[in-house]
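To keep things clear, I will list the structure first and then write my remarks on it.
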Amino acid sequence: MVTRRRAIAGSLTILGALLSAAVLAAPARAASEYNLPYGVTPISHAVYRLHMLAFWMMCGIGVIVFGLIFYSVIFHRRSRHPVPAKFHENTVFEIVWTILPFFILVILAVPAARLLLRMENLRHSQLTVRITGYQWLWRYTYPRYGINVYSRLSNSSLAAVQYGRHLSPYAVPHYLRSVTHPMVVPTGEKIRLLVTGGDVIHAWWVPAFGLQIDGNPGLINAMWIKVLKPGVYRGACNQICGWGHGYMPIVVVAKPPKQFLAWVHHWRATHQGPGQGDFPPHPLGL
Amino acid sequence: MSSEALAHDHAAEHAPPRGLMRWITTTNHKDIGTMYLVLSLIMFFVGGAMAMVIRAQLFRPDMQLVTPLFFNQMATMHGLIMIFGAVMPAFVGLANWMIPMMIGAPDMALPRLNNWSFWILPFAFTLLLITLFLPGGGPQGGWTMYVPFNLQLGYGFPFMIFAIHLMGISSVMGAINIIATILNMRAPGMTLMKMPLFVWAWLITAYLLIAVMPVLAGGVTMQLLDRYFGTHFFSVAGGGSPILWEHVFWFFGHPEVYIMILPAFGIISEIIPTFSRKPIFGYRSMVYALASIAFLSFIVWGHHMFVVGMPVAADLFFMFSTMLIAVPTGIKIFNWVATMWKGSLTFETPMLFAVAFIVLFTIGGFSGVMLALVPADFQYNNSYFVVAHFHYVLVTGAVFAIMAAVYYWLPKWTGHMYNEFWGKTHFWLSAIAANVLYFPMHFLGLAGMPRRIPDYPLQFANLNMVVSIGGFVFGLSQLIFVAVIFSCVRAGKKAEARAWEGARGLEWTLPSPAPYHSFSTPPEIA
């Protein structure tokens, strides 16, 4: 009896430690090396909350299931429990552990379904950006402004990945996450993203926006973002697309609407004529 | 003909030839099972060597050990080899060895088919592996072979397609054989609901194989036609769609992952009762859970494709059906725990692997439930979180179960006990290293690291180094496994017929090592 009590006390201590760690960790929503980013869009915030809800529910179930397993491993080993029990069924228990998980799953499924419907609601968007993935760069087209931005790995990262050049990646700012020309979007506006692939399938993924979308050649996928905070947000292609798959980052610069319009005017002034859309030769030389 | 004459003919016909011809011409379920297991072990090391290349390249950023082209080939071949070469043949090998003995049969129902289904495989893997030396290299688009990228491959492309055809033919023939054996050759009195759970698991798995391998074969044939015969199944310009491939592939692919886990469930359901000295808890619900999981596997494939751009209704359907899988899987886990509960447990190597299986497979199940949530999957999809998830269910799940099975039945196969000290050393090294290897991958994925990249930004450097170190230790630990098996085959303490005192089941009524023909007269079933 004493040992059993001690074991219960022990597991309660562990549980308490886990929970207090959780409470301490909760406010730390800054970009973490270990968790989803809280992000900068309403959707990414909701995704983060759904993720944490699922995570803590799984931890709770884990504590119970693993607790039972380790209890059995410790207290029902032959040295402590030499005569095995004979039971091999119990209808009540079996019904309980069939039905209970079902209800636990409903707790997760309901907010997930609601959030999904919200994500798929594309109505009332204020700006459209067409995103096309190529081997291995991105094209951002703003139909309203007639702007066409090609965005490939920046020259500094490119210099470091050349074989035999031995330039330290630590000397490169934002190694593999910097581009020649970023995608620029206004903050606070609902932006519709139309994503497609120019040759093979690519996937446009920016973790801070809480979503990724496949760009399928010949098909168009739609999704929306609303960036709440000005800043620079980085991601990468997330569908294997050949040699340069690891070398096609995404950089999105979010600016307040006025500065965004200033960028539009500046771009149009500096990139004139139909030639602005020329497909740049890829410097990886592939 | 008199019965003596029959017996004489029988013996003359089946005396094994000596040397290499014995293995080429054999129709004996034990010989073929052994060959499957040896092939699987070899492929485990081939695929493992590729994993070592991957982890060496990712040891630190900008490693430049191999080119991105070669890295992509390693990532793709590692998947194909481990799935089709290591895990599936291992389970078929175990089925060959154990099913006739567990149901009281002399051999498999279709012995010549059995020989053929094995001997196709070395050719299939030769075809697959030589692509690495062809112009343009081997497959590079991931084991999922998404089009149009897969159609850009070099000369390796048709070799890969035909290798997959051969593997599929082999799997379907093996599955037919297993179903025919189980349905026709059970000893009198062994009703379906008295079969060992390993046999049940394999019966259901075999049906899954027959249902989905032809789908994959059809799909890769469509790729072949698109590339060489001008069809447009997968190109929008010609009226097709690249998404069609993804649907076809995952309609095969999801049942495929259950093909790799259901036999593992069967193995664990044999080992846990033996070392708990208590009958399996809830036998009937175990069978029904297996059947439900198999059924559900056909209606969840879309959860691999949430970011592909499916209608909302499809996303919702696949999310709900996927979450439903947690219910029968949960039943199995609870039943194993209830089997251990108030048993009299000892922890020989098979039991260590089995308990580790329950714990670590459950962790893979947790991340599986999280991945089922569509909005969250928009973040997790194709990240290292997914890599962590499927390595938990396939390595610390399926592979640990295979290792548990090998240690469990080695005494029956060889007549010797393996070295318990080295078996346990192998277990502890593997279990710890596997967690150092796979657990940090969850964090990497959540923090935003895509899978299948040959280089990464600096914020992922620390964890990748930890992962790589875990990978190297895990890889090296497997050498102990080989050494234990070899020394057990050659020598060791004599194993009794019932090698484990808690073991029940017909295979333990045969002497160790098991005779060349299992049950020439059917045993009595109580």
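Convention: chains lettered A, B, ... in structure tokens order; per-chain residue numbering from 1; ligands numbered from 1 as shown.
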Can you list every residue of chain A that has an atom at most 7 Å from chain B, with its nearest atom pair and the distance in Å to one decimal, using only C-alpha atoms, ordered by chain then number, as a Markdown table?
| residue | atom | partner | partner_atom | distance |
| --- | --- | --- | --- | --- |
| A:Ser32 | CA | B:Ala447 | CA | 6.6 |
| A:Glu33 | CA | B:Ala447 | CA | 5.6 |
| A:Tyr34 | CA | B:Phe443 | CA | 4.4 |
| A:Asn35 | CA | B:Leu446 | CA | 5.0 |
| A:Leu36 | CA | B:Leu446 | CA | 4.6 |
| A:Pro37 | CA | B:Ala447 | CA | 6.8 |
| A:Val47 | CA | B:Ala376 | CA | 5.6 |
| A:Leu50 | CA | B:Ala376 | CA | 6.9 |
| A:His51 | CA | B:Ala376 | CA | 6.0 |
| A:Ala54 | CA | B:Met370 | CA | 6.1 |
| A:Met58 | CA | B:Phe366 | CA | 5.8 |
| A:Phe66 | CA | B:Val359 | CA | 6.7 |
| A:Ile69 | CA | B:Val337 | CA | 6.1 |
| A:Ser72 | CA | B:Trp341 | CA | 5.6 |
| A:His76 | CA | B:Lys342 | CA | 5.4 |
| A:Arg77 | CA | B:Leu345 | CA | 4.1 |
| A:Arg78 | CA | B:Ser344 | CA | 4.4 |
| A:His81 | CA | B:Ser344 | CA | 5.6 |
| A:Pro82 | CA | B:Ser344 | CA | 5.4 |
| A:Val83 | CA | B:Ser344 | CA | 6.1 |
| A:Pro84 | CA | B:Gly343 | CA | 4.2 |
| A:Ala85 | CA | B:Lys342 | CA | 5.6 |
| A:Lys86 | CA | B:Lys278 | CA | 6.3 |
| A:His88 | CA | B:Phe281 | CA | 4.2 |
| A:Glu89 | CA | B:Gly282 | CA | 5.0 |
| A:Trp97 | CA | B:Ile331 | CA | 6.5 |
| A:Thr98 | CA | B:Val327 | CA | 6.1 |
| A:Pro101 | CA | B:Val327 | CA | 6.1 |
| A:Phe102 | CA | B:Val327 | CA | 6.5 |
| A:Leu105 | CA | B:Met323 | CA | 6.8 |
| A:Ala112 | CA | B:Leu373 | CA | 6.0 |
| A:Ala113 | CA | B:Leu316 | CA | 6.7 |
| A:Leu115 | CA | B:Pro375 | CA | 6.7 |
| A:Leu116 | CA | B:Pro375 | CA | 5.6 |
| A:Val161 | CA | B:Asp62 | CA | 6.5 |
| A:Tyr163 | CA | B:Gln64 | CA | 6.7 |
| A:Pro169 | CA | B:Asp62 | CA | 6.5 |
| A:Tyr175 | CA | B:Pro457 | CA | 5.5 |
| A:Leu176 | CA | B:Pro457 | CA | 5.5 |
| A:Arg177 | CA | B:Pro457 | CA | 6.7 |
| A:Val200 | CA | B:Pro148 | CA | 5.3 |
| A:Pro207 | CA | B:Gly448 | CA | 6.2 |
| A:Gly210 | CA | B:Gln379 | CA | 5.8 |
| A:Leu211 | CA | B:Phe378 | CA | 4.8 |
| A:Gln212 | CA | B:Phe378 | CA | 5.5 |
| A:Ile213 | CA | B:Val307 | CA | 5.3 |
| A:Asp214 | CA | B:Val308 | CA | 5.1 |
| A:Gly218 | CA | B:Val236 | CA | 5.4 |
| A:Asn221 | CA | B:Gly309 | CA | 5.8 |
| A:Asn238 | CA | B:Pro450 | CA | 5.6 |
| A:Ile240 | CA | B:Gly141 | CA | 6.2 |
| A:Cys241 | CA | B:Phe149 | CA | 6.3 |
| A:Gly242 | CA | B:Gly141 | CA | 6.9 |
| A:Trp243 | CA | B:Leu69 | CA | 5.2 |
| A:His245 | CA | B:Ile453 | CA | 6.7 |
| A:Gly246 | CA | B:Ile453 | CA | 4.7 |
Those in range 23-183 of chain A with strand (DSSP E or B) from DSSP, as a PyMOL selection string: chain A and resi 77+127-134+137-142+147-151+153+179+183
Deliver the residues from the most recent selection as a file, using N, CA and C atoms, as a tab-separated table (two decimals), in the first residue's frame.
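Resulting contents of out.tsv:
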chain	number	residue	atom	x	y	z
A	77	ARG	N	5.12	-6.48	-12.30
A	77	ARG	CA	6.19	-7.35	-12.77
A	77	ARG	C	6.24	-8.59	-11.88
A	127	LEU	N	-7.80	42.79	-52.17
A	127	LEU	CA	-6.68	42.78	-53.11
A	127	LEU	C	-6.42	41.34	-53.52
A	128	THR	N	-6.04	41.14	-54.77
A	128	THR	CA	-5.72	39.79	-55.23
A	128	THR	C	-4.25	39.75	-55.64
A	129	VAL	N	-3.55	38.72	-55.18
A	129	VAL	CA	-2.19	38.50	-55.64
A	129	VAL	C	-2.13	37.09	-56.23
A	130	ARG	N	-1.65	37.00	-57.46
A	130	ARG	CA	-1.48	35.69	-58.07
A	130	ARG	C	-0.07	35.21	-57.84
A	131	ILE	N	0.04	33.97	-57.33
A	131	ILE	CA	1.36	33.43	-57.00
A	131	ILE	C	1.60	32.22	-57.90
A	132	THR	N	2.73	32.23	-58.63
A	132	THR	CA	3.05	31.10	-59.49
A	132	THR	C	4.42	30.56	-59.10
A	133	GLY	N	4.49	29.26	-58.86
A	133	GLY	CA	5.77	28.64	-58.53
A	133	GLY	C	6.42	28.09	-59.78
A	134	TYR	N	7.71	28.35	-59.93
A	134	TYR	CA	8.49	27.77	-61.03
A	134	TYR	C	9.68	27.05	-60.43
A	137	LEU	N	11.76	29.47	-58.53
A	137	LEU	CA	11.53	30.84	-58.09
A	137	LEU	C	10.02	31.06	-58.04
A	138	TRP	N	9.64	32.19	-57.49
A	138	TRP	CA	8.22	32.51	-57.39
A	138	TRP	C	7.92	33.75	-58.21
A	139	ARG	N	6.70	33.81	-58.76
A	139	ARG	CA	6.25	35.02	-59.43
A	139	ARG	C	5.02	35.53	-58.71
A	140	TYR	N	5.04	36.80	-58.37
A	140	TYR	CA	3.90	37.44	-57.72
A	140	TYR	C	3.32	38.46	-58.70
A	141	THR	N	2.06	38.29	-59.05
A	141	THR	CA	1.41	39.19	-59.99
A	141	THR	C	0.28	39.91	-59.27
A	142	TYR	N	0.26	41.25	-59.46
A	142	TYR	CA	-0.82	42.06	-58.88
A	142	TYR	C	-1.67	42.55	-60.02
A	147	ILE	N	1.48	44.63	-61.94
A	147	ILE	CA	2.86	44.42	-61.46
A	147	ILE	C	3.18	42.93	-61.49
A	148	ASN	N	4.42	42.66	-61.81
A	148	ASN	CA	4.88	41.29	-61.98
A	148	ASN	C	6.23	41.19	-61.28
A	149	VAL	N	6.31	40.47	-60.18
A	149	VAL	CA	7.55	40.41	-59.41
A	149	VAL	C	8.10	38.99	-59.45
A	150	TYR	N	9.33	38.86	-59.94
A	150	TYR	CA	9.99	37.55	-59.86
A	150	TYR	C	10.87	37.54	-58.63
A	151	SER	N	10.80	36.46	-57.89
A	151	SER	CA	11.44	36.42	-56.59
A	151	SER	C	12.23	35.12	-56.46
A	153	LEU	N	16.07	33.14	-54.90
A	153	LEU	CA	17.05	33.16	-53.81
A	153	LEU	C	18.01	34.33	-54.00
A	179	VAL	N	15.44	36.80	-50.49
A	179	VAL	CA	15.17	36.73	-51.93
A	179	VAL	C	15.58	38.03	-52.62
A	183	MET	N	7.69	39.61	-51.96
A	183	MET	CA	6.29	39.92	-52.21
A	183	MET	C	5.91	41.00	-51.20
Option closest in space to Phe159 in chain B, from B:Gly397, B:Gly137, B:Pro17, B:Gly368 [counting only C-alpha atoms]: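 Closest candidate: B:Gly137.
The coordinates place CA of Leu352 in chain B at 15.0 Å from CA of Ala433 in chain B.
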Measuring atom to atom with only C-alpha atoms, identify which of B:Leu41, B:Met102, B:Ala201, B:Val393 is nearest to Pro523 in chain B.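 Checking each candidate against Pro523 in chain B, we get B:Met102 as the closest.
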Interatomic distance, CA of Pro273 in chain B to CA of Ala289 in chain B (Å, one decimal):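 Separation between CA of Pro273 in chain B and CA of Ala289 in chain B: 17.8 Å.
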Calculate how many Å separate CA of Ala187 in chain B from CA of Phe118 in chain B, rounding to one decimal. 25.8 Å
Based on the backbone DSSP call, show me all residues of range 96-239 of chain A assigned alpha helix (DSSP H), as a ChimeraX atom specification. /A:96-119,155-161
Shell around Met222 in chain B at 9 Å using only C-alpha atoms, local window under 6 positions removed, as a ChimeraX atom specification: /B:231-234,245
Contacts of Leu113 in chain B at 8 Å (only C-alpha atoms; same-chain gap of 4+ positions) as a list of chain:residue names: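 Listing them by chain and then by number gives B:Ser117, B:Met173, B:Gly174, B:Asn177.
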Next, dump the selected residues to file, keeping only N, CA, C and O atoms, as a PDB file, in the first residue's frame.
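Writing the result to result_19.pdb gives the following:
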ATOM      1  N   SER B 117       6.699 -15.612 -55.731  1.00  0.00           N
ATOM      2  CA  SER B 117       6.464 -14.283 -55.173  1.00  0.00           C
ATOM      3  C   SER B 117       7.713 -13.792 -54.454  1.00  0.00           C
ATOM      4  O   SER B 117       7.985 -12.595 -54.454  1.00  0.00           O
ATOM      5  N   MET B 173       0.605 -11.758 -55.038  1.00  0.00           N
ATOM      6  CA  MET B 173       0.702 -13.227 -54.985  1.00  0.00           C
ATOM      7  C   MET B 173       0.886 -13.696 -53.549  1.00  0.00           C
ATOM      8  O   MET B 173       0.274 -14.677 -53.120  1.00  0.00           O
ATOM      9  N   GLY B 174       1.729 -12.989 -52.805  1.00  0.00           N
ATOM     10  CA  GLY B 174       1.913 -13.349 -51.398  1.00  0.00           C
ATOM     11  C   GLY B 174       0.595 -13.266 -50.644  1.00  0.00           C
ATOM     12  O   GLY B 174       0.266 -14.143 -49.829  1.00  0.00           O
ATOM     13  N   ASN B 177      -1.753 -16.111 -51.445  1.00  0.00           N
ATOM     14  CA  ASN B 177      -1.286 -17.312 -50.782  1.00  0.00           C
ATOM     15  C   ASN B 177      -1.668 -17.325 -49.305  1.00  0.00           C
ATOM     16  O   ASN B 177      -2.125 -18.333 -48.756  1.00  0.00           O
TER      17      ASN B 177
END
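By only C-alpha atoms, and with residues fewer than 5 positions from Leu37 in chain B along its chain excluded, the set lying at most 8 Å from it is Pro89, Ala90, Gly93 and Leu94 of chain B.
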Given the choices B:Leu110, B:Ile272, B:Ala461, B:Leu262, which gets closest to Ala356 in chain B if the distance is worked out from only C-alpha atoms? B:Ile272
